[in-house]
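The structure file entry33.cif is reproduced below (mmCIF, C-alpha atoms).
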```
data_work
loop_
_atom_site.label_atom_id
_atom_site.label_comp_id
_atom_site.auth_asym_id
_atom_site.auth_seq_id
_atom_site.Cartn_x
_atom_site.Cartn_y
_atom_site.Cartn_z
CA MET Z 1 0.00 0.00 0.00
CA SER Z 2 1.27 3.45 -0.89
CA ALA Z 3 1.43 6.12 1.80
CA PRO Z 4 -1.77 7.93 0.69
CA GLU Z 5 -3.67 4.62 0.50
CA ALA Z 6 -2.58 3.66 4.01
CA GLU Z 7 -3.66 7.06 5.26
CA LEU Z 8 -7.04 6.66 3.59
CA ALA Z 9 -7.51 3.20 5.09
CA ALA Z 10 -6.68 4.52 8.55
CA LEU Z 11 -9.18 7.36 8.12
CA ARG Z 12 -11.86 4.95 6.94
CA GLU Z 13 -11.26 2.75 9.96
CA ARG Z 14 -11.49 5.75 12.27
CA LEU Z 15 -14.74 6.87 10.68
CA GLU Z 16 -16.26 3.40 11.01
CA ARG Z 17 -15.30 3.29 14.66
CA LEU Z 18 -16.88 6.71 15.25
CA GLU Z 19 -20.04 5.72 13.43
CA SER Z 20 -20.44 2.52 15.35
CA ARG Z 21 -19.97 4.31 18.67
CA GLN Z 22 -22.52 6.91 17.74
CA ARG Z 23 -24.99 4.28 16.59
CA TYR Z 24 -24.66 2.59 19.97
CA VAL Z 25 -25.54 5.79 21.85
CA ASP Z 26 -28.22 6.77 19.33
CA ASP Z 27 -29.96 3.41 19.54
CA ARG Z 28 -29.82 3.30 23.32
CA LEU Z 29 -31.25 6.78 23.70
CA GLY Z 30 -33.89 6.08 21.04
CA ILE Z 31 -35.12 3.14 23.12
CA HIS Z 32 -35.17 5.22 26.31
CA GLU Z 33 -37.15 7.97 24.59
CA CYS Z 34 -39.69 5.43 23.38
CA LEU Z 35 -40.14 3.99 26.89
CA TRP Z 36 -40.53 7.43 28.45
CA ARG Z 37 -43.00 8.46 25.74
CA TYR Z 38 -45.09 5.44 26.63
CA CYS Z 39 -45.11 6.33 30.35
CA ARG Z 40 -46.03 9.93 29.60
CA GLY Z 41 -48.87 8.78 27.36
CA LEU Z 42 -50.13 6.36 29.99
CA ASP Z 43 -49.95 8.87 32.84
CA ARG Z 44 -51.81 11.48 30.79
CA HIS Z 45 -54.21 8.92 29.21
CA ASP Z 46 -52.99 10.17 25.82
CA GLU Z 47 -53.84 7.31 23.45
CA GLU Z 48 -51.89 8.66 20.53
CA LEU Z 49 -48.71 9.03 22.57
CA GLU Z 50 -49.10 5.53 24.06
CA ALA Z 51 -49.60 4.01 20.61
CA SER Z 52 -46.51 5.82 19.28
CA ALA Z 53 -44.32 3.60 21.46
CA PHE Z 54 -45.46 0.39 19.67
CA TRP Z 55 -45.48 -0.93 16.12
CA PRO Z 56 -49.06 -1.28 14.82
CA ASP Z 57 -48.74 -5.09 14.79
CA ALA Z 58 -47.48 -5.24 18.40
CA GLN Z 59 -48.70 -7.81 20.90
CA VAL Z 60 -49.07 -6.94 24.58
CA ASN Z 61 -49.33 -9.49 27.41
CA TYR Z 62 -50.20 -8.70 31.01
CA GLY Z 63 -50.23 -12.16 32.51
CA ARG Z 64 -53.77 -13.49 32.82
CA ALA Z 65 -55.16 -9.97 33.00
CA PHE Z 66 -54.73 -9.08 29.35
CA SER Z 67 -53.35 -10.40 26.10
CA GLY Z 68 -54.07 -8.85 22.76
CA SER Z 69 -53.48 -6.23 20.15
CA LEU Z 70 -52.23 -2.71 20.58
CA ALA Z 71 -55.58 -0.95 20.13
CA ASP Z 72 -57.31 -3.26 22.62
CA PHE Z 73 -54.46 -2.87 25.08
CA ILE Z 74 -54.58 0.93 25.09
CA ALA Z 75 -58.34 0.99 25.61
CA TRP Z 76 -58.07 -1.65 28.36
CA GLY Z 77 -55.17 0.10 30.08
CA ASN Z 78 -56.72 3.55 30.22
CA GLN Z 79 -60.12 2.22 31.22
CA GLY Z 80 -58.58 0.10 33.99
CA HIS Z 81 -56.41 2.89 35.35
CA GLY Z 82 -59.26 5.39 35.14
CA SER Z 83 -61.78 3.25 36.99
CA PHE Z 84 -59.42 2.19 39.79
CA PHE Z 85 -57.16 5.17 40.40
CA ASP Z 86 -57.42 8.92 40.44
CA MET Z 87 -53.69 9.54 40.08
CA HIS Z 88 -50.75 7.47 38.89
CA GLN Z 89 -47.18 7.81 37.73
CA HIS Z 90 -44.95 5.20 36.13
CA HIS Z 91 -41.25 5.86 36.74
CA LEU Z 92 -38.54 3.93 34.92
CA THR Z 93 -35.17 3.41 36.57
CA ASN Z 94 -32.80 0.63 35.43
CA VAL Z 95 -32.98 -0.20 31.74
CA THR Z 96 -30.82 -2.94 30.25
CA ILE Z 97 -30.60 -3.30 26.49
CA ASP Z 98 -29.11 -6.17 24.50
CA PHE Z 99 -28.93 -5.50 20.79
CA ASP Z 100 -29.46 -8.24 18.24
CA GLY Z 101 -29.32 -6.70 14.77
CA ASP Z 102 -32.53 -4.80 14.11
CA GLN Z 103 -34.01 -6.09 17.32
CA ALA Z 104 -33.22 -5.44 20.97
CA HIS Z 105 -34.09 -7.27 24.17
CA VAL Z 106 -34.99 -4.66 26.78
CA GLU Z 107 -35.77 -5.04 30.46
CA SER Z 108 -37.00 -1.90 32.24
CA TYR Z 109 -37.50 -1.54 35.98
CA LEU Z 110 -40.64 0.32 36.88
CA ILE Z 111 -41.72 1.99 40.11
CA ASN Z 112 -45.35 2.98 40.05
CA MET Z 113 -47.24 4.99 42.63
CA MET Z 114 -50.97 5.08 42.29
CA ARG Z 115 -53.63 6.69 44.43
CA ARG Z 116 -56.72 4.48 44.47
CA LYS Z 117 -60.21 5.83 44.37
CA ASP Z 118 -60.85 4.19 47.77
CA GLY Z 119 -58.13 6.45 49.23
CA GLN Z 120 -55.46 3.76 49.56
CA LEU Z 121 -52.04 4.02 47.98
CA ASP Z 122 -50.46 1.37 45.76
CA ILE Z 123 -46.70 1.31 45.34
CA GLY Z 124 -45.29 -1.28 43.01
CA GLY Z 125 -42.00 -2.52 41.66
CA ALA Z 126 -42.39 -4.21 38.30
CA ARG Z 127 -40.61 -4.86 35.04
CA TYR Z 128 -41.44 -4.38 31.39
CA ILE Z 129 -39.87 -7.05 29.21
CA ASP Z 130 -39.88 -5.75 25.65
CA LEU Z 131 -38.81 -6.96 22.26
CA PHE Z 132 -37.91 -3.78 20.39
CA GLU Z 133 -37.61 -3.64 16.63
CA GLN Z 134 -35.97 -1.00 14.48
CA ARG Z 135 -37.81 -0.05 11.31
CA GLU Z 136 -36.47 2.74 9.07
CA GLY Z 137 -34.28 4.04 11.86
CA ALA Z 138 -36.97 4.16 14.56
CA TRP Z 139 -37.12 1.87 17.59
CA ARG Z 140 -40.51 0.74 18.89
CA ILE Z 141 -41.95 -2.14 20.90
CA LEU Z 142 -43.09 -5.25 19.03
CA ILE Z 143 -43.85 -7.54 21.98
CA ARG Z 144 -44.40 -6.48 25.56
CA GLU Z 145 -44.70 -8.61 28.68
CA TYR Z 146 -45.45 -7.12 32.10
CA LEU Z 147 -44.04 -8.67 35.29
CA PRO Z 148 -45.31 -7.25 38.59
CA ASP Z 149 -42.68 -8.25 41.16
CA VAL Z 150 -43.68 -6.32 44.28
CA ARG Z 151 -46.83 -4.51 45.25
CA THR Z 152 -47.92 -2.90 48.48
CA THR Z 153 -51.29 -1.41 49.23
CA GLY Z 154 -52.07 0.54 52.34
CA PRO Z 155 -53.87 3.44 53.86
CA ALA Z 156 -52.14 6.69 53.06
CA THR Z 157 -52.44 10.13 54.52
CA MET Z 158 -52.48 12.53 51.61
CA THR Z 159 -50.55 15.61 52.61
CA GLY Z 160 -50.60 17.35 49.29
CA LEU Z 161 -52.62 16.84 46.16
CA GLY Z 162 -50.94 19.25 43.92
CA LEU Z 163 -49.95 22.83 44.31
CA PRO Z 164 -52.81 24.77 42.75
CA PRO Z 165 -53.07 26.10 40.13
CA SER Z 166 -50.48 23.98 38.32
CA GLY Z 167 -51.15 20.63 39.95
CA PRO Z 168 -52.19 17.93 40.36
CA GLY Z 169 -51.87 16.53 36.88
CA ARG Z 170 -54.79 15.89 34.57
CA TRP Z 171 -55.72 13.21 32.06
CA ASP Z 172 -56.34 15.55 29.16
CA LYS Z 173 -54.66 18.27 27.14
CA ASP Z 174 -55.32 20.80 29.91
CA ASP Z 175 -52.46 19.26 31.87
CA LEU Z 176 -49.82 21.97 32.14
CA SER Z 177 -47.22 19.83 30.36
CA TYR Z 178 -49.05 20.41 27.05
CA ALA Z 179 -48.56 24.20 27.30
CA ARG Z 180 -45.66 24.52 24.86
CA PRO Z 181 -43.51 26.50 24.76
CA LEU Z 182 -43.72 26.99 28.51
CA LYS Z 183 -43.70 30.73 29.22
CA GLN Z 184 -42.63 32.76 32.22
CA ARG Z 185 -45.68 33.92 34.16
CA PRO Z 186 -46.26 37.69 34.06
CA ALA Z 187 -45.57 39.51 37.32
CA ASP Z 188 -49.29 40.14 37.94
CA ASP Z 189 -50.13 36.42 37.73
CA PRO Z 190 -51.07 35.31 41.24
CA ALA Z 191 -49.00 32.15 40.82
CA ALA Z 192 -45.96 34.25 39.96
CA THR Z 193 -46.12 36.34 43.11
CA ALA Z 194 -47.66 34.05 45.72
CA TRP Z 195 -45.44 33.31 48.68
CA ARG Z 196 -46.06 30.89 51.46
CA THR Z 197 -43.25 30.14 53.86
CA MET E 1 -27.79 7.54 9.21
CA THR E 2 -24.93 9.10 11.06
CA SER E 3 -24.36 12.81 10.73
CA ALA E 4 -22.92 15.69 12.70
CA SER E 5 -26.40 16.87 13.63
CA ASP E 6 -27.25 13.49 15.22
CA VAL E 7 -24.20 13.84 17.44
CA GLN E 8 -25.36 17.32 18.41
CA TRP E 9 -28.75 15.86 19.39
CA LEU E 10 -27.05 13.38 21.71
CA ILE E 11 -24.95 16.13 23.29
CA ASP E 12 -27.93 18.48 23.75
CA ARG E 13 -30.01 15.67 25.23
CA MET E 14 -27.25 14.74 27.68
CA LYS E 15 -26.63 18.34 28.72
CA ILE E 16 -30.29 18.78 29.59
CA ARG E 17 -30.24 15.64 31.71
CA ASP E 18 -27.00 16.72 33.40
CA CYS E 19 -28.55 20.11 34.20
CA LEU E 20 -31.42 18.44 36.10
CA GLY E 21 -28.90 16.23 37.89
CA ARG E 22 -26.96 19.30 38.97
CA TYR E 23 -30.18 20.91 40.16
CA THR E 24 -31.31 17.97 42.31
CA ARG E 25 -27.83 17.51 43.75
CA GLY E 26 -27.70 21.20 44.64
CA LEU E 27 -31.17 21.05 46.16
CA ASP E 28 -30.45 17.98 48.29
CA ARG E 29 -27.17 19.45 49.54
CA HIS E 30 -28.57 23.00 49.99
CA ASP E 31 -25.78 24.17 47.68
CA ALA E 32 -27.04 27.55 46.47
CA ALA E 33 -24.42 27.95 43.74
CA LEU E 34 -25.14 24.52 42.30
CA ILE E 35 -28.91 25.09 42.30
CA ALA E 36 -28.44 28.45 40.56
CA SER E 37 -26.16 26.89 37.95
CA ALA E 38 -29.14 25.03 36.47
CA PHE E 39 -30.90 28.30 35.55
CA TRP E 40 -30.22 31.41 33.47
CA PRO E 41 -29.90 34.49 35.72
CA GLU E 42 -33.24 35.97 34.57
CA ALA E 43 -35.17 32.70 35.03
CA ARG E 44 -38.64 32.81 36.62
CA ILE E 45 -39.90 29.94 38.75
CA SER E 46 -43.48 29.12 39.66
CA TYR E 47 -44.32 26.48 42.29
CA GLY E 48 -48.09 26.63 42.29
CA GLY E 49 -49.37 28.69 45.18
CA ARG E 50 -46.17 28.17 47.19
CA PHE E 51 -43.68 30.28 45.33
CA GLY E 52 -43.44 32.52 42.30
CA GLY E 53 -40.54 34.76 41.46
CA ALA E 54 -36.96 35.25 40.36
CA LEU E 55 -34.00 32.92 40.68
CA ASP E 56 -32.24 34.50 43.70
CA ASP E 57 -35.45 34.54 45.72
CA PHE E 58 -36.22 30.99 44.65
CA VAL E 59 -32.89 29.57 45.79
CA ALA E 60 -33.17 31.27 49.20
CA TRP E 61 -36.84 30.28 49.60
CA SER E 62 -36.18 26.71 48.54
CA ASN E 63 -33.36 26.06 51.01
CA ARG E 64 -35.15 27.84 53.84
CA SER E 65 -38.51 26.13 53.35
CA HIS E 66 -36.87 22.69 53.08
CA ALA E 67 -34.85 23.29 56.27
CA GLU E 68 -37.92 24.48 58.17
CA ARG E 69 -39.85 21.27 57.58
CA TRP E 70 -37.42 18.47 56.87
CA THR E 71 -34.20 17.01 58.20
CA GLN E 72 -33.29 15.09 55.02
CA HIS E 73 -34.61 14.93 51.52
CA SER E 74 -33.83 13.19 48.29
CA HIS E 75 -35.12 14.20 44.84
CA ASN E 76 -34.84 11.58 42.10
CA ILE E 77 -35.24 12.30 38.41
CA THR E 78 -36.47 9.32 36.41
CA ASN E 79 -38.32 9.67 33.08
CA GLN E 80 -37.51 12.68 30.96
CA ASN E 81 -39.48 13.77 27.90
CA VAL E 82 -37.73 16.35 25.74
CA LEU E 83 -39.34 18.24 22.87
CA PHE E 84 -36.79 20.35 20.99
CA ASP E 85 -37.73 23.47 19.02
CA ASP E 86 -37.16 23.08 15.29
CA ASP E 87 -34.09 25.33 15.44
CA ARG E 88 -32.81 23.43 18.51
CA ALA E 89 -32.25 26.69 20.41
CA GLY E 90 -34.82 25.74 23.03
CA ALA E 91 -36.73 22.76 24.41
CA ASP E 92 -39.70 21.92 26.60
CA VAL E 93 -38.69 19.28 29.09
CA GLU E 94 -40.93 17.22 31.37
CA SER E 95 -38.91 15.45 34.07
CA TYR E 96 -40.56 12.98 36.42
CA VAL E 97 -39.41 13.35 40.01
CA GLN E 98 -39.85 11.14 43.08
CA PHE E 99 -39.04 12.79 46.36
CA PHE E 100 -38.59 11.50 49.88
CA HIS E 101 -38.64 14.01 52.73
CA ARG E 102 -37.90 13.10 56.34
CA ASN E 103 -40.04 15.28 58.61
CA ILE E 104 -38.65 17.18 61.58
CA GLY E 105 -41.59 15.60 63.38
CA PRO E 106 -42.56 11.92 62.97
CA GLY E 107 -42.80 10.26 59.61
CA ILE E 108 -41.68 10.92 56.08
CA GLN E 109 -43.33 12.41 53.03
CA ILE E 110 -43.25 10.59 49.72
CA GLY E 111 -44.18 12.53 46.64
CA ILE E 112 -44.35 12.29 42.89
CA GLY E 113 -44.39 15.21 40.53
CA ARG E 114 -43.05 16.69 37.35
CA TYR E 115 -40.71 19.57 36.62
CA LEU E 116 -41.88 21.40 33.52
CA ASP E 117 -38.87 23.32 32.29
CA ARG E 118 -38.40 25.67 29.39
CA PHE E 119 -34.78 25.25 28.39
CA GLU E 120 -32.80 27.75 26.39
CA ARG E 121 -29.48 27.13 24.66
CA ARG E 122 -26.87 29.86 24.78
CA GLY E 123 -23.63 28.91 23.06
CA GLU E 124 -22.99 25.33 24.14
CA ASP E 125 -24.84 25.66 27.44
CA TRP E 126 -28.40 24.52 28.15
CA ARG E 127 -30.19 26.00 31.18
CA ILE E 128 -33.70 26.64 32.46
CA ILE E 129 -35.39 29.99 31.73
CA ALA E 130 -38.89 29.16 33.04
CA ARG E 131 -40.04 26.47 35.46
CA GLU E 132 -43.33 25.15 36.77
CA LEU E 133 -43.63 22.34 39.28
CA VAL E 134 -46.59 19.99 39.17
CA VAL E 135 -47.00 17.90 42.31
CA ASP E 136 -49.25 14.98 41.45
CA MET E 137 -49.31 13.37 44.86
CA MET E 138 -47.73 13.59 48.31
CA VAL E 139 -48.33 11.16 51.16
CA GLN E 140 -47.26 10.76 54.77
CA ALA E 141 -45.68 7.46 55.81
CA ASP E 142 -43.97 6.00 58.87
CA HIS E 143 -40.25 6.51 59.14
CA MET E 144 -38.01 3.63 60.06
CA PRO E 145 -35.61 4.93 62.72
CA PHE E 146 -32.17 4.98 61.23
CA ASP E 147 -29.02 6.57 62.51
CA GLY E 148 -25.44 7.10 61.52
CA ALA E 149 -24.02 4.23 63.56
CA ARG E 150 -23.90 1.86 60.62
CA PHE E 151 -23.88 4.23 57.65
CA PRO E 152 -22.60 7.73 57.10
CA MET E 153 -25.54 10.14 57.05
CA GLY E 154 -25.97 12.90 54.50
CA SER E 155 -25.72 16.52 55.47
CA TRP E 156 -26.38 19.92 53.93
CA GLY E 157 -23.16 21.64 53.09
CA GLU E 158 -19.60 20.71 52.33
CA ASP E 159 -19.35 18.26 55.23
CA ASP E 160 -21.39 15.83 53.18
CA LEU E 161 -19.30 12.84 52.13
CA SER E 162 -19.97 13.56 48.44
CA TYR E 163 -17.76 16.66 48.65
CA GLN E 164 -14.75 14.70 49.97
CA ARG E 165 -12.97 14.29 46.66
CA PRO E 166 -11.27 12.23 45.43
CA TYR E 167 -13.65 9.55 46.70
CA GLY E 168 -12.06 6.75 48.67
CA SER E 169 -9.84 9.06 50.69
CA GLU E 170 -12.06 8.83 53.80
CA PRO E 171 -11.35 5.99 56.22
CA ALA E 172 -13.94 3.27 55.67
CA GLY E 173 -16.45 2.58 58.47
CA GLU E 174 -15.98 -0.66 60.35
CA GLU E 175 -19.16 -2.19 59.00
CA ALA E 176 -19.22 -0.42 55.64
#
```
The structure in this file should be written as structure tokens.
Amino acid sequence: MSAPEAELAALRERLERLESRQRYVDDRLGIHECLWRYCRGLDRHDEELEASAFWPDAQVNYGRAFSGSLADFIAWGNQGHGSFFDMHQHHLTNVTIDFDGDQAHVESYLINMMRRKDGQLDIGGARYIDLFEQREGAWRILIREYLPDVRTTGPATMTGLGLPPSGPGRWDKDDLSYARPLKQRPADDPAATAWRT
Amino acid sequence: MTSASDVQWLIDRMKIRDCLGRYTRGLDRHDAALIASAFWPEARISYGGRFGGALDDFVAWSNRSHAERWTQHSHNITNQNVLFDDDRAGADVESYVQFFHRNIGPGIQIGIGRYLDRFERRGEDWRIIARELVVDMMVQADHMPFDGARFPMGSWGEDDLSYQRPYGSEPAGEEA
């Protein structure tokens, strides 16, 4: 190999290494974003956002409680959450991802806190087991299994249900998180001047 | 697939997450400078009916009101939804937060909420220009008595073990 050819080969190798590193980070973050989008959709009962985390032909399995198609799952999930709880959040912590070509095996730890309509509080530790698939550069869920590992239910003394006027959250587009871009409140807005120490 | 702009997206995304990490660390250590470093100087903050105002007032109010009611607290950022403006000079960011507050009196408070932050990019730096806090739920629970005999306890200020850098230089506890 002549000197320029060797230089070119070295550059090509460097570029390939860079690209593969970036793809790794890109793919990992893409999967995280998809998981978080799902949780946001679920916690706001936003069907469109929930569906955007799955491929249209996805299958979802919640043990003996539910098994079926995406559309049925979303309707079942929102109806179930809405009839049993008046507030819930699904927080993801550990996420492990094993890539296998255009697919990825993903396990996500979930902590959910849910205020029941009977006044009790549910706190759960669970896992989503997902088969992700990449289509045209986008990562979404193709198969989902839900594993509830730990659940506690007990009486809870509610000490704060939101800081009016911005909270608590809502299950429609009036939730403050849909106000985009978020703007500074004018000085004469009561919420911009209120003080309580 | 790979381009310079994709790399910029990764960097921007990470800087926004790091900014929230800096904020919660500053908050939990009552480190005024670190809290302030998450915001632009002219930022406005609105915490429902509890607080509304400018950054300096917010930092002072935040540390004071936490110290008046709690002996320890821990704020944990989990999910984070980021929507960038088309020109990538700004972003709306919803960060889920779980917080655990140990009362001065009996019990602890467990809460879940969301920080709604308007981020602005200036040069290479991403910081918050407007913030709203939504608290979705807060409950009172029993506290399991726990003291520093077996584990080092956190503190507010530079005595906290996390400031003793490089880590590993402190003598290890007998039962660590």
Expand the PyMOL selection byres ((chain E and resi 95) around 8) into the individual residues it matches in the shown file, reporting them as a PyMOL selection string.
chain E and resi 77-81+93-94+96-97+114-116
Given all atoms listed in the file as the basis, pick out the residue of E:Arg118, E:Arg17, E:Arg29, E:Arg88 nearest to chain Z.
E:Arg118
For each of E:Glu132, E:Asp6, E:Asp142, E:Asp28, take the minimum atom-to-atom distance to Gly154 in chain E, counting only C-alpha atoms, then give the residue where this is smallest.
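Smallest separation from Gly154 in chain E among the options: E:Asp28.
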Pull out every residue of chain E sitting within 9 Å of chain Z, counting all atoms listed in the file, and send them as a PyMOL selection string.
chain E and resi 1-3+6-7+10+43-53+61+64-65+68+77-82+85+90-94+96-98+109+111-114+116-118+129-141
From CA of Arg14 in chain Z to CA of Asp27 in chain Z the spacing works out at 20.0 Å
Using all atoms listed in the file: which of E:Leu34, E:Ala54, E:Trp126, E:Ala67 has the shortest distance to Met14 in chain E:
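Under the stated criterion, the closest residue is E:Trp126.
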For Asp56 in chain E, which of E:Phe84, E:Trp9, E:Phe99, E:Trp40 is the closest residue, counting all atoms listed in the file?
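Of all the options, E:Trp40 lies closest to Asp56 in chain E.
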Atomic distance CA of Asp118 in chain Z - CA of Lys173 in chain Z, expressed in Å with one decimal:
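These two atoms are separated by 25.7 Å.
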Generate the missing atoms of range 136-145 of chain E up to all heavy atoms and report them as a tab-separated table (two decimals), in the frame of the given file.
```
chain	number	residue	atom	x	y	z
E	136	ASP	N	-48.08	15.82	41.72
E	136	ASP	CA	-49.25	14.98	41.45
E	136	ASP	C	-49.75	14.31	42.71
E	136	ASP	O	-50.93	14.01	42.82
E	136	ASP	CB	-48.90	13.94	40.39
E	136	ASP	CG	-48.72	14.57	39.01
E	136	ASP	OD1	-49.67	15.21	38.55
E	136	ASP	OD2	-47.64	14.46	38.43
E	137	MET	N	-48.87	14.05	43.65
E	137	MET	CA	-49.31	13.37	44.86
E	137	MET	C	-48.24	13.48	45.94
E	137	MET	O	-47.04	13.48	45.65
E	137	MET	CB	-49.55	11.89	44.57
E	137	MET	CG	-50.23	11.13	45.68
E	137	MET	SD	-50.65	9.48	45.11
E	137	MET	CE	-49.03	8.72	45.08
E	138	MET	N	-48.67	13.57	47.20
E	138	MET	CA	-47.73	13.59	48.31
E	138	MET	C	-48.41	12.88	49.47
E	138	MET	O	-49.55	13.18	49.79
E	138	MET	CB	-47.41	15.03	48.68
E	138	MET	CG	-46.07	15.22	49.32
E	138	MET	SD	-45.56	16.93	49.20
E	138	MET	CE	-44.35	16.96	50.49
E	139	VAL	N	-47.72	11.92	50.07
E	139	VAL	CA	-48.33	11.16	51.16
E	139	VAL	C	-47.39	11.12	52.37
E	139	VAL	O	-46.18	11.28	52.25
E	139	VAL	CB	-48.65	9.70	50.75
E	139	VAL	CG1	-49.59	9.66	49.58
E	139	VAL	CG2	-47.39	8.92	50.47
E	140	GLN	N	-48.00	10.89	53.52
E	140	GLN	CA	-47.26	10.76	54.77
E	140	GLN	C	-47.09	9.28	55.07
E	140	GLN	O	-48.03	8.50	54.91
E	140	GLN	CB	-48.06	11.45	55.89
E	140	GLN	CG	-47.62	11.12	57.29
E	140	GLN	CD	-46.75	12.23	57.91
E	140	GLN	OE1	-46.60	13.29	57.31
E	140	GLN	NE2	-46.21	11.97	59.06
E	141	ALA	N	-45.90	8.87	55.47
E	141	ALA	CA	-45.68	7.46	55.81
E	141	ALA	C	-44.81	7.37	57.06
E	141	ALA	O	-44.19	8.35	57.45
E	141	ALA	CB	-44.99	6.73	54.65
E	142	ASP	N	-44.80	6.20	57.69
E	142	ASP	CA	-43.97	6.00	58.87
E	142	ASP	C	-42.50	6.06	58.48
E	142	ASP	O	-42.12	5.68	57.38
E	142	ASP	CB	-44.23	4.63	59.50
E	142	ASP	CG	-45.64	4.56	60.07
E	142	ASP	OD1	-46.22	5.63	60.33
E	142	ASP	OD2	-46.14	3.43	60.23
E	143	HIS	N	-41.69	6.50	59.39
E	143	HIS	CA	-40.25	6.51	59.14
E	143	HIS	C	-39.59	5.43	59.97
E	143	HIS	O	-39.90	5.27	61.14
E	143	HIS	CB	-39.67	7.88	59.53
E	143	HIS	CG	-38.18	7.94	59.38
E	143	HIS	ND1	-37.34	7.95	60.45
E	143	HIS	CD2	-37.40	7.97	58.29
E	143	HIS	CE1	-36.08	7.99	60.01
E	143	HIS	NE2	-36.10	8.00	58.71
E	144	MET	N	-38.73	4.66	59.33
E	144	MET	CA	-38.01	3.63	60.06
E	144	MET	C	-36.81	4.29	60.72
E	144	MET	O	-35.95	4.83	60.01
E	144	MET	CB	-37.54	2.54	59.11
E	144	MET	CG	-36.92	1.36	59.81
E	144	MET	SD	-36.40	0.11	58.61
E	144	MET	CE	-34.83	0.77	58.09
E	145	PRO	N	-36.73	4.27	62.06
E	145	PRO	CA	-35.61	4.93	62.72
E	145	PRO	C	-34.27	4.39	62.20
E	145	PRO	O	-34.11	3.19	62.00
E	145	PRO	CB	-35.81	4.59	64.20
E	145	PRO	CG	-37.25	4.27	64.33
E	145	PRO	CD	-37.66	3.65	63.02
```
